[in-house]
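Chemist: What follows is protein-v2.cif, made up of mmCIF, C-alpha atoms:
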```cif
data_run
loop_
_atom_site.label_atom_id
_atom_site.label_comp_id
_atom_site.auth_asym_id
_atom_site.auth_seq_id
_atom_site.Cartn_x
_atom_site.Cartn_y
_atom_site.Cartn_z
CA MET E 1 -71.59 -12.50 14.72
CA ALA E 2 -71.99 -11.70 18.41
CA LEU E 3 -68.66 -11.02 20.07
CA TYR E 4 -70.02 -11.38 23.61
CA SER E 5 -71.82 -14.04 25.68
CA GLU E 6 -75.61 -14.20 25.46
CA LYS E 7 -75.92 -13.22 29.14
CA GLU E 8 -74.16 -9.91 28.56
CA THR E 9 -75.60 -6.72 27.11
CA ALA E 10 -73.84 -5.45 24.02
CA ALA E 11 -72.42 -1.95 23.82
CA VAL E 12 -73.14 -1.97 20.09
CA GLU E 13 -75.32 -4.26 17.97
CA VAL E 14 -75.43 -3.87 14.21
CA SER E 15 -77.72 -5.97 11.99
CA GLY E 16 -77.99 -5.89 8.22
CA LEU E 17 -76.65 -2.32 8.09
CA THR E 18 -76.52 -0.78 4.63
CA LYS E 19 -75.57 2.77 3.68
CA VAL E 20 -75.66 4.38 0.25
CA ILE E 21 -73.90 7.66 -0.56
CA GLU E 22 -74.56 9.26 -3.95
CA ASP E 23 -75.75 5.97 -5.46
CA GLU E 24 -72.68 4.11 -4.15
CA THR E 25 -73.17 1.38 -1.54
CA VAL E 26 -70.44 2.06 1.04
CA LEU E 27 -71.75 -0.48 3.60
CA GLU E 28 -73.67 -3.61 2.66
CA ASN E 29 -75.53 -5.92 5.06
CA VAL E 30 -73.04 -5.35 7.91
CA SER E 31 -73.76 -7.31 11.12
CA PHE E 32 -71.75 -7.70 14.34
CA SER E 33 -71.87 -6.98 18.09
CA PHE E 34 -69.33 -5.63 20.56
CA ALA E 35 -69.53 -6.28 24.30
CA LYS E 36 -69.51 -3.62 26.98
CA LYS E 37 -65.98 -2.99 28.22
CA GLY E 38 -62.85 -4.04 26.39
CA ILE E 39 -61.13 -2.90 23.20
CA HIS E 40 -62.80 -3.88 19.95
CA GLY E 41 -61.33 -3.40 16.50
CA ILE E 42 -62.58 -2.67 13.00
CA LEU E 43 -59.80 -3.65 10.62
CA SER E 44 -60.24 -2.43 7.07
CA PRO E 45 -58.20 -1.39 4.02
CA LYS E 46 -58.42 2.23 2.94
CA GLY E 47 -61.78 2.89 1.36
CA GLY E 48 -63.26 -0.25 2.90
CA GLY E 49 -66.06 1.60 4.71
CA LYS E 50 -64.65 1.91 8.24
CA THR E 51 -65.07 5.68 8.60
CA ALA E 52 -68.65 5.56 7.32
CA LEU E 53 -69.33 2.80 9.82
CA LEU E 54 -67.75 4.73 12.70
CA ASP E 55 -69.87 7.80 11.90
CA ILE E 56 -72.98 5.61 12.20
CA LEU E 57 -71.83 3.97 15.45
CA ALA E 58 -71.07 7.42 16.89
CA CYS E 59 -74.62 8.53 15.99
CA THR E 60 -73.35 11.34 13.78
CA SER E 61 -74.65 9.82 10.53
CA GLY E 62 -77.65 7.78 9.45
CA TYR E 63 -78.04 4.61 7.38
CA ASP E 64 -80.46 3.26 4.78
CA GLU E 65 -81.29 -0.30 5.86
CA GLY E 66 -80.82 -2.56 8.89
CA SER E 67 -80.75 -1.69 12.57
CA LEU E 68 -78.41 -0.24 15.19
CA THR E 69 -78.56 -0.49 18.98
CA VAL E 70 -76.12 1.44 21.20
CA ASN E 71 -76.10 0.63 24.92
CA GLY E 72 -79.53 -0.93 24.58
CA THR E 73 -81.07 2.04 22.75
CA ASP E 74 -82.38 1.64 19.22
CA ILE E 75 -81.00 4.29 16.85
CA ALA E 76 -83.33 5.11 13.97
CA PHE E 77 -82.08 5.08 10.38
CA ASN E 78 -81.93 8.88 10.25
CA GLY E 79 -79.06 8.69 12.74
CA ALA E 80 -77.95 12.07 14.06
CA ASP E 81 -81.40 13.58 13.45
CA SER E 82 -83.22 11.15 15.75
CA LYS E 83 -84.00 12.03 19.37
CA ASN E 84 -82.46 8.79 20.64
CA ALA E 85 -79.24 9.46 18.75
CA ARG E 86 -78.93 12.96 20.18
CA GLU E 87 -79.15 11.56 23.71
CA VAL E 88 -76.93 8.52 23.13
CA LYS E 89 -74.09 10.41 21.45
CA LYS E 90 -73.69 12.58 24.55
CA ASN E 91 -72.26 9.43 26.11
CA ILE E 92 -69.88 8.67 23.22
CA GLY E 93 -66.39 10.08 22.81
CA TYR E 94 -65.41 10.15 19.13
CA VAL E 95 -61.83 10.77 17.98
CA ARG E 96 -61.76 11.35 14.23
CA GLN E 97 -58.61 11.10 12.10
CA ARG E 98 -58.57 14.89 12.06
CA SER E 99 -60.30 16.62 14.95
CA GLU E 100 -62.49 19.62 14.15
CA PHE E 101 -63.05 22.35 16.74
CA TYR E 102 -64.08 25.99 16.70
CA SER E 103 -60.88 27.74 15.69
CA GLU E 104 -61.29 30.66 18.10
CA MET E 105 -61.93 28.54 21.19
CA THR E 106 -59.21 27.37 23.58
CA PRO E 107 -58.73 23.78 24.80
CA ILE E 108 -60.12 24.70 28.23
CA GLU E 109 -63.22 26.27 26.67
CA ILE E 110 -63.75 23.25 24.42
CA LEU E 111 -63.39 20.75 27.25
CA ASN E 112 -65.76 22.76 29.45
CA PHE E 113 -68.30 22.79 26.63
CA VAL E 114 -68.00 19.03 26.03
CA GLY E 115 -68.13 18.12 29.72
CA SER E 116 -71.16 20.34 30.30
CA ALA E 117 -72.95 18.70 27.35
CA ARG E 118 -72.32 15.37 29.07
CA LYS E 119 -73.87 16.84 32.21
CA GLU E 120 -70.79 16.38 34.37
CA GLU E 121 -70.83 18.11 37.77
CA PRO E 122 -68.80 21.37 37.68
CA ASP E 123 -66.31 20.45 40.43
CA LYS E 124 -65.75 17.01 38.97
CA LEU E 125 -65.47 18.42 35.47
CA ALA E 126 -62.80 20.94 36.49
CA ARG E 127 -60.71 18.10 37.91
CA GLN E 128 -61.24 15.96 34.81
CA ILE E 129 -60.20 18.80 32.50
CA LYS E 130 -57.01 19.37 34.46
CA GLU E 131 -56.18 15.63 34.40
CA ALA E 132 -57.03 15.29 30.69
CA LEU E 133 -54.85 18.24 29.68
CA GLU E 134 -51.94 16.85 31.69
CA LEU E 135 -52.46 13.37 30.25
CA VAL E 136 -52.29 14.54 26.62
CA GLY E 137 -49.59 17.14 27.29
CA LEU E 138 -51.59 20.27 26.50
CA GLU E 139 -51.51 22.02 29.87
CA GLU E 140 -49.05 24.67 28.58
CA VAL E 141 -51.25 25.55 25.59
CA SER E 142 -54.61 25.20 27.34
CA ASN E 143 -55.42 28.91 26.82
CA ARG E 144 -54.18 29.09 23.23
CA ILE E 145 -56.88 29.22 20.54
CA VAL E 146 -57.22 26.13 18.36
CA SER E 147 -56.14 27.91 15.16
CA ARG E 148 -52.70 28.36 16.74
CA LEU E 149 -52.31 24.67 17.66
CA GLY E 150 -50.37 22.23 15.47
CA TYR E 151 -51.82 19.06 13.94
CA VAL E 152 -50.57 16.77 16.71
CA GLU E 153 -51.77 19.18 19.42
CA GLN E 154 -55.23 19.21 17.84
CA LYS E 155 -55.14 15.42 17.63
CA MET E 156 -54.38 15.18 21.35
CA LEU E 157 -57.11 17.72 22.09
CA GLY E 158 -59.45 15.31 20.32
CA TYR E 159 -58.53 12.61 22.83
CA ALA E 160 -58.97 14.98 25.77
CA ALA E 161 -62.41 16.00 24.50
CA ALA E 162 -63.37 12.36 23.96
CA ILE E 163 -62.64 11.25 27.53
CA VAL E 164 -63.83 14.30 29.53
CA GLY E 165 -67.18 13.59 31.13
CA THR E 166 -66.44 9.83 31.30
CA PRO E 167 -68.51 8.60 28.33
CA ASP E 168 -69.39 4.91 28.20
CA ILE E 169 -68.00 4.41 24.69
CA LEU E 170 -64.81 5.73 23.09
CA ILE E 171 -64.66 5.49 19.28
CA ILE E 172 -61.35 6.13 17.52
CA ASP E 173 -60.55 6.39 13.81
CA GLU E 174 -56.88 5.47 13.18
CA PRO E 175 -55.48 5.91 16.70
CA LYS E 176 -51.87 6.56 15.73
CA SER E 177 -52.07 8.48 12.48
CA LYS E 178 -49.31 11.11 12.11
CA ALA E 179 -48.64 11.37 15.86
CA THR E 180 -45.13 11.29 17.29
CA ALA E 181 -43.78 8.14 18.96
CA GLU E 182 -44.15 9.79 22.38
CA LYS E 183 -47.75 10.80 21.71
CA ASN E 184 -48.52 7.33 20.31
CA GLU E 185 -47.45 5.87 23.65
CA VAL E 186 -49.83 8.26 25.41
CA ILE E 187 -52.64 7.29 23.01
CA THR E 188 -51.98 3.59 23.63
CA GLY E 189 -52.12 4.20 27.38
CA ILE E 190 -55.45 6.04 27.09
CA ILE E 191 -56.95 3.24 25.01
CA ARG E 192 -55.82 0.49 27.37
CA LEU E 193 -56.88 2.34 30.52
CA PHE E 194 -60.28 3.28 29.09
CA GLY E 195 -60.86 -0.27 27.83
CA LYS E 196 -60.50 -1.70 31.33
CA ARG E 197 -63.54 0.22 32.56
CA LYS E 198 -65.52 1.19 29.46
CA THR E 199 -65.91 0.27 25.78
CA VAL E 200 -63.35 1.21 23.13
CA ILE E 201 -64.03 0.77 19.41
CA LEU E 202 -61.08 1.59 17.19
CA ALA E 203 -60.77 1.39 13.44
CA THR E 204 -57.48 1.03 11.62
CA GLU E 205 -55.89 -0.13 8.39
CA ASP E 206 -52.88 -1.41 10.33
CA TYR E 207 -52.94 -5.08 11.32
CA LYS E 208 -50.22 -4.74 13.97
CA THR E 209 -52.06 -1.92 15.74
CA ALA E 210 -55.28 -3.94 15.88
CA ARG E 211 -53.46 -7.12 16.98
CA ALA E 212 -51.59 -5.32 19.76
CA LEU E 213 -54.59 -3.49 21.22
CA CYS E 214 -57.85 -5.28 20.45
CA ASP E 215 -59.62 -8.13 22.23
CA ASP E 216 -61.59 -8.95 19.09
CA VAL E 217 -61.98 -7.61 15.60
CA VAL E 218 -64.34 -7.24 12.66
CA ILE E 219 -62.57 -7.29 9.29
CA ILE E 220 -64.35 -5.20 6.67
CA SER E 221 -63.51 -4.61 3.03
CA ASP E 222 -65.48 -3.09 0.20
CA GLY E 223 -68.25 -2.30 2.70
CA ARG E 224 -68.82 -5.94 3.72
CA VAL E 225 -67.87 -7.99 6.77
CA LEU E 226 -65.34 -10.67 5.81
CA ALA E 227 -64.66 -12.09 9.28
CA SER E 228 -65.22 -11.40 12.97
CA GLY E 229 -64.05 -12.83 16.28
CA SER E 230 -60.97 -12.82 18.48
CA PHE E 231 -57.63 -13.02 16.73
CA GLU E 232 -57.13 -16.47 18.24
CA GLU E 233 -60.48 -17.68 16.86
CA LEU E 234 -59.76 -16.32 13.40
CA GLU E 235 -56.26 -17.77 13.34
CA ASP E 236 -57.67 -21.15 14.39
CA LYS E 237 -60.32 -21.03 11.65
CA LEU E 238 -57.66 -20.16 9.10
CA SER E 239 -55.32 -22.96 10.19
CA ARG E 240 -58.14 -25.51 9.85
CA GLY E 241 -59.26 -24.26 6.45
CA ASP E 242 -58.66 -26.44 3.42
CA ASP E 243 -57.48 -23.52 1.29
CA SER E 244 -55.32 -21.68 3.85
CA ASN E 245 -52.06 -22.75 2.12
CA GLY E 246 -50.16 -22.13 5.35
CA MET E 247 -51.05 -18.44 5.41
CA THR E 248 -51.23 -16.57 8.70
CA LEU E 249 -54.04 -14.16 9.47
CA GLU E 250 -51.61 -11.27 9.09
CA SER E 251 -50.35 -12.42 5.70
CA LEU E 252 -53.93 -12.97 4.53
CA TYR E 253 -54.86 -9.45 5.59
CA MET E 254 -51.81 -8.03 3.82
CA SER E 255 -52.93 -9.81 0.67
CA LEU E 256 -56.37 -8.28 1.24
CA LEU E 257 -54.79 -4.81 1.31
CA LYS E 258 -53.26 -5.45 -2.09
CA ALA E 259 -56.40 -7.08 -3.47
CA SER E 260 -58.58 -4.17 -2.34
CA GLU E 261 -57.07 -2.05 -5.10
CA SER E 262 -58.38 -4.45 -7.73
CA GLY E 263 -61.62 -5.28 -5.89
CA LYS E 264 -60.76 -8.98 -5.52
CA ASN E 265 -61.29 -9.53 -1.77
CA LYS E 266 -61.48 -12.90 -0.09
CA GLY E 267 -63.19 -13.64 3.23
CA ILE E 268 -62.01 -15.94 6.01
CA ARG E 269 -64.45 -18.83 6.19
#
```
Is it possible to express this structure as structure tokens?
Modeler:
Amino acid sequence: MALYSEKETAAVEVSGLTKVIEDETVLENVSFSFAKKGIHGILSPKGGGKTALLDILACTSGYDEGSLTVNGTDIAFNGADSKNAREVKKNIGYVRQRSEFYSEMTPIEILNFVGSARKEEPDKLARQIKEALELVGLEEVSNRIVSRLGYVEQKMLGYAAAIVGTPDILIIDEPKSKATAEKNEVITGIIRLFGKRKTVILATEDYKTARALCDDVVIISDGRVLASGSFEELEDKLSRGDDSNGMTLESLYMSLLKASESGKNKGIR
């Protein structure tokens, strides 16, 4: 389903995407589109395929069948190994659940490296690094090597690295996992600010997080798309369904979380 008007160009278009890992199909015939600008969600129970999908969207992993277009550029099935992917991912900021950096580098060194890879002008980059470190609260540890940073500090460094160099797309896996309440407020602010000017794609298991932040959502479970659209559209579809039994979208998703353990998932039709 296209989550943008036909006159607009999509930030991401996925069609019939399938990925197999060690003989297990982790994504099966996945199709959707996200518009440029705004905050778009991928809502999925644990093990539903969201992280595998994010790796593909971020051009760090390939796929086996289907097609992927990012900002109008076709990304070949071999993903990170394709020339197009190497160029496109320079313009993507990717925040994983657990950020991974060279342990002997400092935040300033890492941000300089990332910004230079995105071909940001030196003077502009220096200003962006200063602003990013202040935004995520790492200015006092900016010269401390990564191995001496705590989990939350490394998480916030991941956000700083993702936004330095002003990429067009920000991809986030579980935006609020294990961060403090104060840092979660900072993360929410980054997501909302970035989404006003660029494209944010965030994946989460938490319905309330997706509902509070996202303009539209794709619900995925067991590697398949169950529903896509704005929350209002999905709630309207559910209310008009013959078998809704008065369930809300949230309660249906909560039942999906429970059903995912037994493999009995039900789509919203």
Chemist: By how many Å are atom CA of E:Asn143 and atom CA of E:Leu125 apart?
Modeler: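 Between atom CA of E:Asn143 and atom CA of E:Leu125 the gap works out to 16.9 Å.
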Chemist: Hey, which of E:Ile92, E:Ala161, E:Ile201, E:Leu149 ends up closest to E:Glu109? Count all atoms listed in the file.
Modeler: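 That would be E:Ala161, the residue with the smallest distance to E:Glu109.
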Chemist: Just checking: using all atoms listed in the file, which residue out of E:Glu139, E:Asp173, E:Asp74, E:Asp64 ends up closest to E:Val26?
Modeler: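 When distances to E:Val26 are compared using all atoms listed in the file, the smallest one comes from E:Asp64.
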Chemist: Which distance in Å separates atom CA of E:Glu174 and atom CA of E:Asp215, to one decimal?
Modeler: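 It comes out at 16.6 Å.
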Chemist: Any idea what the distance is between atom CA of E:Cys214 and atom CA of E:Tyr253?
Modeler: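 These atoms are spaced 15.7 Å apart.
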Chemist: Just say which residues the PyMOL selection byres ((chain E and resi 187-194) around 12) picks in this file, as a VMD selection string.
Modeler: chain E and resid 36 to 41 93 95 132 135 to 137 152 155 to 160 162 to 164 166 to 172 174 to 177 179 to 186 195 to 202 209 to 210 212 to 215
Chemist: Exactly which residues make up the result of the PyMOL selection byres ((chain E and resi 116) around 12) on this file, given as a PyMOL selection string?
Modeler: chain E and resi 90-91+109-115+117-126+128-129+161+164-166
Chemist: Generate the output file for the selected residues, C-alpha atoms, as a PDB file, in the frame of the given file.
Modeler:
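Result saved to selection.pdb:
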```pdb
ATOM      1  CA  LYS E  90     -73.690  12.580  24.550  1.00  0.00           C
ATOM      2  CA  ASN E  91     -72.260   9.430  26.110  1.00  0.00           C
ATOM      3  CA  GLU E 109     -63.220  26.270  26.670  1.00  0.00           C
ATOM      4  CA  ILE E 110     -63.750  23.250  24.420  1.00  0.00           C
ATOM      5  CA  LEU E 111     -63.390  20.750  27.250  1.00  0.00           C
ATOM      6  CA  ASN E 112     -65.760  22.760  29.450  1.00  0.00           C
ATOM      7  CA  PHE E 113     -68.300  22.790  26.630  1.00  0.00           C
ATOM      8  CA  VAL E 114     -68.000  19.030  26.030  1.00  0.00           C
ATOM      9  CA  GLY E 115     -68.130  18.120  29.720  1.00  0.00           C
ATOM     10  CA  ALA E 117     -72.950  18.700  27.350  1.00  0.00           C
ATOM     11  CA  ARG E 118     -72.320  15.370  29.070  1.00  0.00           C
ATOM     12  CA  LYS E 119     -73.870  16.840  32.210  1.00  0.00           C
ATOM     13  CA  GLU E 120     -70.790  16.380  34.370  1.00  0.00           C
ATOM     14  CA  GLU E 121     -70.830  18.110  37.770  1.00  0.00           C
ATOM     15  CA  PRO E 122     -68.800  21.370  37.680  1.00  0.00           C
ATOM     16  CA  ASP E 123     -66.310  20.450  40.430  1.00  0.00           C
ATOM     17  CA  LYS E 124     -65.750  17.010  38.970  1.00  0.00           C
ATOM     18  CA  LEU E 125     -65.470  18.420  35.470  1.00  0.00           C
ATOM     19  CA  ALA E 126     -62.800  20.940  36.490  1.00  0.00           C
ATOM     20  CA  GLN E 128     -61.240  15.960  34.810  1.00  0.00           C
ATOM     21  CA  ILE E 129     -60.200  18.800  32.500  1.00  0.00           C
ATOM     22  CA  ALA E 161     -62.410  16.000  24.500  1.00  0.00           C
ATOM     23  CA  VAL E 164     -63.830  14.300  29.530  1.00  0.00           C
ATOM     24  CA  GLY E 165     -67.180  13.590  31.130  1.00  0.00           C
ATOM     25  CA  THR E 166     -66.440   9.830  31.300  1.00  0.00           C
TER      26      THR E 166
END
```
Chemist: Apply the PyMOL selection byres ((chain E and resi 141) around 12) to the file shown and report the selected residues as a PyMOL selection string.
Modeler: chain E and resi 105-108+133-134+136-140+142-150+153-154+156-157
Chemist: When distances are computed from all atoms listed in the file, which of E:Thr204, E:Arg96, E:Leu17, E:Val218 shows the smallest separation from E:Ile75?
Modeler: E:Leu17
Chemist: Starting from the point (-66.4, 4.2, 5.6), work out which residues of protein, DNA or RNA have an atom no more than 6 Å away when counting all atoms listed in the file; state them as a PyMOL selection string.
Modeler: chain E and resi 49-53
Chemist: In the coordinate frame of the file, compute which residues have an atom within 10 Å of (-50.5, -5.3, 4.7) when using all atoms listed in the file, and state them as a PDB file with C-alpha atoms, in the coordinates of the input.
Modeler:
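File written: selection.pdb
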```pdb
ATOM      1  CA  PRO E  45     -58.200  -1.390   4.020  1.00  0.00           C
ATOM      2  CA  GLU E 205     -55.890  -0.130   8.390  1.00  0.00           C
ATOM      3  CA  ASP E 206     -52.880  -1.410  10.330  1.00  0.00           C
ATOM      4  CA  TYR E 207     -52.940  -5.080  11.320  1.00  0.00           C
ATOM      5  CA  LYS E 208     -50.220  -4.740  13.970  1.00  0.00           C
ATOM      6  CA  GLU E 250     -51.610 -11.270   9.090  1.00  0.00           C
ATOM      7  CA  SER E 251     -50.350 -12.420   5.700  1.00  0.00           C
ATOM      8  CA  LEU E 252     -53.930 -12.970   4.530  1.00  0.00           C
ATOM      9  CA  TYR E 253     -54.860  -9.450   5.590  1.00  0.00           C
ATOM     10  CA  MET E 254     -51.810  -8.030   3.820  1.00  0.00           C
ATOM     11  CA  SER E 255     -52.930  -9.810   0.670  1.00  0.00           C
ATOM     12  CA  LEU E 256     -56.370  -8.280   1.240  1.00  0.00           C
ATOM     13  CA  LEU E 257     -54.790  -4.810   1.310  1.00  0.00           C
ATOM     14  CA  LYS E 258     -53.260  -5.450  -2.090  1.00  0.00           C
TER      15      LYS E 258
END
```
Chemist: Save stretch 32-46 of chain E to disk from that block, N, CA, C and O atoms included, as a compact mmCIF listing (two decimals), in the first residue's frame.
Modeler:
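The resulting file, decode.txt, is reproduced below:
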```txt
# COMPACT_ATOMS: atom_id res chain seq x y z
N PHE E 32 5.14 -1.90 0.71
CA PHE E 32 4.60 -0.66 1.26
C PHE E 32 5.46 0.49 0.75
O PHE E 32 6.53 0.29 0.16
N SER E 33 4.99 1.73 0.96
CA SER E 33 5.74 2.93 0.60
C SER E 33 5.62 3.95 1.73
O SER E 33 4.59 4.03 2.39
N PHE E 34 6.68 4.72 1.92
CA PHE E 34 6.65 5.83 2.87
C PHE E 34 7.00 7.12 2.12
O PHE E 34 7.94 7.15 1.33
N ALA E 35 6.26 8.18 2.40
CA ALA E 35 6.49 9.47 1.75
C ALA E 35 7.74 10.14 2.28
O ALA E 35 8.23 9.84 3.37
N LYS E 36 8.26 11.07 1.48
CA LYS E 36 9.34 11.94 1.98
C LYS E 36 8.76 12.87 3.03
O LYS E 36 7.65 13.36 2.90
N LYS E 37 9.52 13.11 4.05
CA LYS E 37 9.15 13.90 5.22
C LYS E 37 8.13 13.14 6.07
O LYS E 37 7.44 12.24 5.60
N GLY E 38 8.06 13.49 7.32
CA GLY E 38 7.12 12.86 8.24
C GLY E 38 7.75 11.72 9.02
O GLY E 38 8.91 11.35 8.80
N ILE E 39 6.97 11.18 9.94
CA ILE E 39 7.42 10.08 10.81
C ILE E 39 6.58 8.85 10.49
O ILE E 39 5.36 8.87 10.64
N HIS E 40 7.24 7.81 10.05
CA HIS E 40 6.56 6.59 9.61
C HIS E 40 6.96 5.42 10.51
O HIS E 40 8.13 5.28 10.87
N GLY E 41 6.00 4.60 10.86
CA GLY E 41 6.25 3.54 11.82
C GLY E 41 6.19 2.15 11.23
O GLY E 41 5.43 1.88 10.29
N ILE E 42 7.00 1.26 11.79
CA ILE E 42 6.89 -0.19 11.55
C ILE E 42 6.62 -0.81 12.91
O ILE E 42 7.48 -0.79 13.79
N LEU E 43 5.42 -1.29 13.08
CA LEU E 43 4.97 -1.84 14.36
C LEU E 43 4.96 -3.36 14.25
O LEU E 43 4.30 -3.92 13.37
N SER E 44 5.70 -4.01 15.14
CA SER E 44 5.86 -5.45 14.99
C SER E 44 6.18 -6.11 16.33
O SER E 44 6.96 -5.57 17.11
N PRO E 45 5.59 -7.27 16.61
CA PRO E 45 5.99 -8.03 17.80
C PRO E 45 7.44 -8.46 17.69
O PRO E 45 8.02 -8.48 16.60
N LYS E 46 8.02 -8.82 18.80
CA LYS E 46 9.40 -9.31 18.82
C LYS E 46 9.52 -10.53 17.91
O LYS E 46 8.69 -11.44 17.96
```
